[in-house]
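What follows is a single structure, written as structure tokens, with notes after it.
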Amino acid sequence: MMNVAGKKNIVVGTAYFVLTLGLGMFLMKMLQGQDPLWMDSPVRKMLAGAHLHGSLEALINILFGYLIYRFGARMPLVSNIASWLLIGGLLHSGSAYLAGIGMTAVKTVAPFGAVSLIAGIVLMLPVLVKGVDSEYSDSA
């Protein structure tokens, strides 16, 4: 039986990826205006960083969500914790989004998102080792 914990990562990651694509389109539109104030703006730099990191974090959630869904049934508790930590990783780029629109105090949350993302990826190691190992032992 497949684990359903990763489904939320796939859905959230896909929605977040669409959000980052929208931000990218906004940034391109603003760059076409060639406004020198915008080009040197710390807001542009913050939003560009949010776009870059957000896209990567969204794709990480989609990929690891699929891996949790596929291989996480052997370690459901660890899979579920990894799933939530990976979603928590979106705080890293999410805080840059919010800081870019004026909520600068939220930048203090970014390190928690980064640590959450790293912890989620590290927790995926035993999930994958045990899940892939059981996949091969079941087919042999």
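Ligands are numbered from 1 in the order shown, residues from 1 within each chain, and chains are lettered A, B, ... in the order they appear in the structure tokens.
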Identify, on the basis of only C-alpha atoms, every residue whose closest approach to region 103-119 of chain A does not exceed 8 Å; exclude the query and any residue fewer than 4 positions from it along the same chain; express the result as a VMD selection string.
chain A and resid 82 85 to 96 98 to 99 123
Put those residues in a file: N, CA and C atoms, as a CSV table (one decimal), in the first residue's frame.
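Writing done, so here's result.csv:
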```
chain,number,residue,atom,x,y,z
A,82,ALA,N,8.9,14.2,7.8
A,82,ALA,CA,9.7,14.8,6.7
A,82,ALA,C,8.8,15.6,5.8
A,85,LEU,N,8.1,18.9,7.4
A,85,LEU,CA,9.3,19.8,7.4
A,85,LEU,C,9.6,20.3,6.1
A,86,LEU,N,9.4,19.5,5.0
A,86,LEU,CA,9.6,20.0,3.7
A,86,LEU,C,8.6,21.2,3.4
A,87,ILE,N,7.4,21.1,3.8
A,87,ILE,CA,6.4,22.2,3.6
A,87,ILE,C,6.9,23.4,4.4
A,88,GLY,N,7.4,23.1,5.6
A,88,GLY,CA,7.9,24.2,6.4
A,88,GLY,C,9.0,25.0,5.8
A,89,GLY,N,9.7,24.3,4.9
A,89,GLY,CA,10.8,24.9,4.2
A,89,GLY,C,10.4,26.0,3.3
A,90,LEU,N,9.1,26.1,3.0
A,90,LEU,CA,8.6,27.2,2.1
A,90,LEU,C,8.6,28.5,2.9
A,91,LEU,N,8.8,28.4,4.2
A,91,LEU,CA,9.0,29.7,5.0
A,91,LEU,C,10.2,30.4,4.6
A,92,HIS,N,11.2,29.7,4.1
A,92,HIS,CA,12.5,30.4,3.6
A,92,HIS,C,12.2,31.4,2.5
A,93,SER,N,11.6,30.9,1.4
A,93,SER,CA,11.3,31.9,0.3
A,93,SER,C,10.1,32.7,0.6
A,94,GLY,N,9.1,32.1,1.3
A,94,GLY,CA,7.9,32.8,1.6
A,94,GLY,C,8.1,34.1,2.4
A,95,SER,N,9.1,34.0,3.3
A,95,SER,CA,9.4,35.2,4.1
A,95,SER,C,10.0,36.3,3.2
A,96,ALA,N,10.8,35.9,2.2
A,96,ALA,CA,11.3,36.9,1.2
A,96,ALA,C,10.2,37.5,0.4
A,98,LEU,N,7.1,38.0,1.4
A,98,LEU,CA,6.4,38.9,2.3
A,98,LEU,C,7.3,40.2,2.6
A,99,ALA,N,8.6,40.0,2.8
A,99,ALA,CA,9.5,41.1,3.0
A,99,ALA,C,9.5,42.0,1.7
A,123,LEU,N,15.8,13.7,6.7
A,123,LEU,CA,14.9,12.7,7.1
A,123,LEU,C,14.5,11.8,6.0
```
Atom pair CA of Trp84 (chain A) + CA of Gly120 (chain A), distance 7.7 Å
Using only C-alpha atoms, the residue out of A:Pro126, A:Gly65, A:Gly100, A:Gly131 with shortest distance to Leu47 (chain A) is A:Gly100
Restricting to only C-alpha atoms, whichever of A:Leu37, A:Ile10, A:Leu31, A:Val127 is closest to Pro76 (chain A) is A:Val127
As number ranges by chain, please: the residues near region 62-64 of chain A (cut-off 12 Å, only C-alpha atoms, same-chain neighbours under 2 positions excluded). A: 5-17, 55-60, 66-72, 79-80, 82-87, 117, 120-125, 127-128
Could you save those same residues with N, CA and C atoms as a short mmCIF file (atom, residue, chain, number, x, y, z; two decimals), in the first residue's frame?
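Output file result.cif is given in full below:
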```
data_model
loop_
_atom_site.label_atom_id
_atom_site.label_comp_id
_atom_site.auth_asym_id
_atom_site.auth_seq_id
_atom_site.Cartn_x
_atom_site.Cartn_y
_atom_site.Cartn_z
N ALA A 5 1.17 10.42 2.60
CA ALA A 5 1.73 11.62 3.24
C ALA A 5 2.31 12.59 2.22
N GLY A 6 2.91 12.10 1.17
CA GLY A 6 3.56 12.97 0.20
C GLY A 6 2.60 13.71 -0.72
N LYS A 7 1.34 13.30 -0.73
CA LYS A 7 0.38 13.98 -1.62
C LYS A 7 0.28 15.47 -1.30
N LYS A 8 0.31 15.81 -0.01
CA LYS A 8 0.19 17.22 0.35
C LYS A 8 1.39 18.02 -0.16
N ASN A 9 2.57 17.40 -0.18
CA ASN A 9 3.75 18.08 -0.72
C ASN A 9 3.61 18.32 -2.22
N ILE A 10 3.04 17.36 -2.92
CA ILE A 10 2.85 17.51 -4.36
C ILE A 10 1.87 18.64 -4.64
N VAL A 11 0.77 18.68 -3.90
CA VAL A 11 -0.25 19.72 -4.11
C VAL A 11 0.28 21.10 -3.71
N VAL A 12 0.86 21.20 -2.51
CA VAL A 12 1.39 22.48 -2.04
C VAL A 12 2.55 22.94 -2.92
N GLY A 13 3.43 22.02 -3.28
CA GLY A 13 4.56 22.36 -4.14
C GLY A 13 4.11 22.86 -5.50
N THR A 14 3.09 22.23 -6.06
CA THR A 14 2.59 22.67 -7.37
C THR A 14 1.96 24.06 -7.27
N ALA A 15 1.15 24.28 -6.23
CA ALA A 15 0.52 25.59 -6.04
C ALA A 15 1.59 26.67 -5.83
N TYR A 16 2.60 26.36 -5.04
CA TYR A 16 3.66 27.32 -4.77
C TYR A 16 4.48 27.60 -6.03
N PHE A 17 4.67 26.57 -6.85
CA PHE A 17 5.40 26.76 -8.10
C PHE A 17 4.64 27.71 -9.03
N SER A 55 10.94 28.75 -6.43
CA SER A 55 10.81 27.75 -7.49
C SER A 55 11.52 26.47 -7.11
N LEU A 56 12.73 26.59 -6.60
CA LEU A 56 13.50 25.41 -6.19
C LEU A 56 12.82 24.68 -5.04
N GLU A 57 12.35 25.42 -4.04
CA GLU A 57 11.69 24.79 -2.89
C GLU A 57 10.38 24.12 -3.30
N ALA A 58 9.67 24.70 -4.25
CA ALA A 58 8.44 24.08 -4.75
C ALA A 58 8.77 22.77 -5.45
N LEU A 59 9.79 22.78 -6.30
CA LEU A 59 10.17 21.56 -7.01
C LEU A 59 10.68 20.49 -6.05
N ILE A 60 11.40 20.90 -5.01
CA ILE A 60 11.85 19.94 -3.99
C ILE A 60 10.64 19.29 -3.33
N TYR A 66 6.54 13.06 -4.07
CA TYR A 66 6.36 11.82 -4.85
C TYR A 66 7.14 10.67 -4.21
N LEU A 67 8.37 10.94 -3.77
CA LEU A 67 9.18 9.88 -3.17
C LEU A 67 8.57 9.39 -1.85
N ILE A 68 8.00 10.31 -1.07
CA ILE A 68 7.31 9.90 0.16
C ILE A 68 6.10 9.05 -0.21
N TYR A 69 5.34 9.50 -1.18
CA TYR A 69 4.16 8.77 -1.63
C TYR A 69 4.54 7.37 -2.11
N ARG A 70 5.65 7.28 -2.82
CA ARG A 70 6.06 6.01 -3.42
C ARG A 70 6.76 5.07 -2.44
N PHE A 71 7.63 5.60 -1.58
CA PHE A 71 8.47 4.75 -0.74
C PHE A 71 8.28 4.93 0.77
N GLY A 72 7.40 5.80 1.19
CA GLY A 72 7.29 6.13 2.61
C GLY A 72 6.47 5.21 3.47
N SER A 79 8.18 9.54 7.55
CA SER A 79 7.71 10.11 6.29
C SER A 79 6.81 11.32 6.54
N ASN A 80 5.92 11.20 7.50
CA ASN A 80 5.00 12.29 7.80
C ASN A 80 5.75 13.50 8.35
N ALA A 82 8.95 14.23 7.81
CA ALA A 82 9.70 14.78 6.67
C ALA A 82 8.80 15.60 5.77
N SER A 83 7.60 15.12 5.54
CA SER A 83 6.64 15.82 4.70
C SER A 83 6.33 17.21 5.26
N TRP A 84 6.05 17.29 6.55
CA TRP A 84 5.73 18.59 7.17
C TRP A 84 6.95 19.50 7.21
N LEU A 85 8.13 18.93 7.44
CA LEU A 85 9.35 19.75 7.44
C LEU A 85 9.63 20.33 6.06
N LEU A 86 9.38 19.55 5.02
CA LEU A 86 9.59 20.04 3.66
C LEU A 86 8.63 21.19 3.35
N ILE A 87 7.39 21.06 3.79
CA ILE A 87 6.43 22.16 3.59
C ILE A 87 6.87 23.37 4.41
N LEU A 117 13.72 22.84 5.83
CA LEU A 117 13.94 22.20 4.53
C LEU A 117 15.09 21.21 4.59
N GLY A 120 14.09 18.17 6.63
CA GLY A 120 13.19 17.31 5.86
C GLY A 120 13.94 16.47 4.84
N ILE A 121 14.91 17.07 4.18
CA ILE A 121 15.70 16.32 3.20
C ILE A 121 16.54 15.25 3.89
N VAL A 122 17.13 15.59 5.03
CA VAL A 122 17.93 14.61 5.77
C VAL A 122 17.05 13.44 6.24
N LEU A 123 15.84 13.75 6.72
CA LEU A 123 14.93 12.68 7.15
C LEU A 123 14.50 11.78 6.00
N MET A 124 14.60 12.29 4.80
CA MET A 124 14.23 11.47 3.64
C MET A 124 15.23 10.34 3.39
N LEU A 125 16.45 10.49 3.88
CA LEU A 125 17.46 9.45 3.64
C LEU A 125 17.03 8.08 4.17
N VAL A 127 14.05 7.11 4.97
CA VAL A 127 12.79 6.74 4.30
C VAL A 127 13.10 6.10 2.95
N LEU A 128 13.99 6.72 2.19
CA LEU A 128 14.33 6.20 0.87
C LEU A 128 15.11 4.89 0.96
#
```
Point-to-point distance in Å for CA of Gln34 (chain A) and CA of Tyr97 (chain A):
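CA of Tyr97 (chain A) sits 21.7 Å away from CA of Gln34 (chain A).
You will find CA of Gly102 (chain A) at 8.4 Å from CA of Val43 (chain A).
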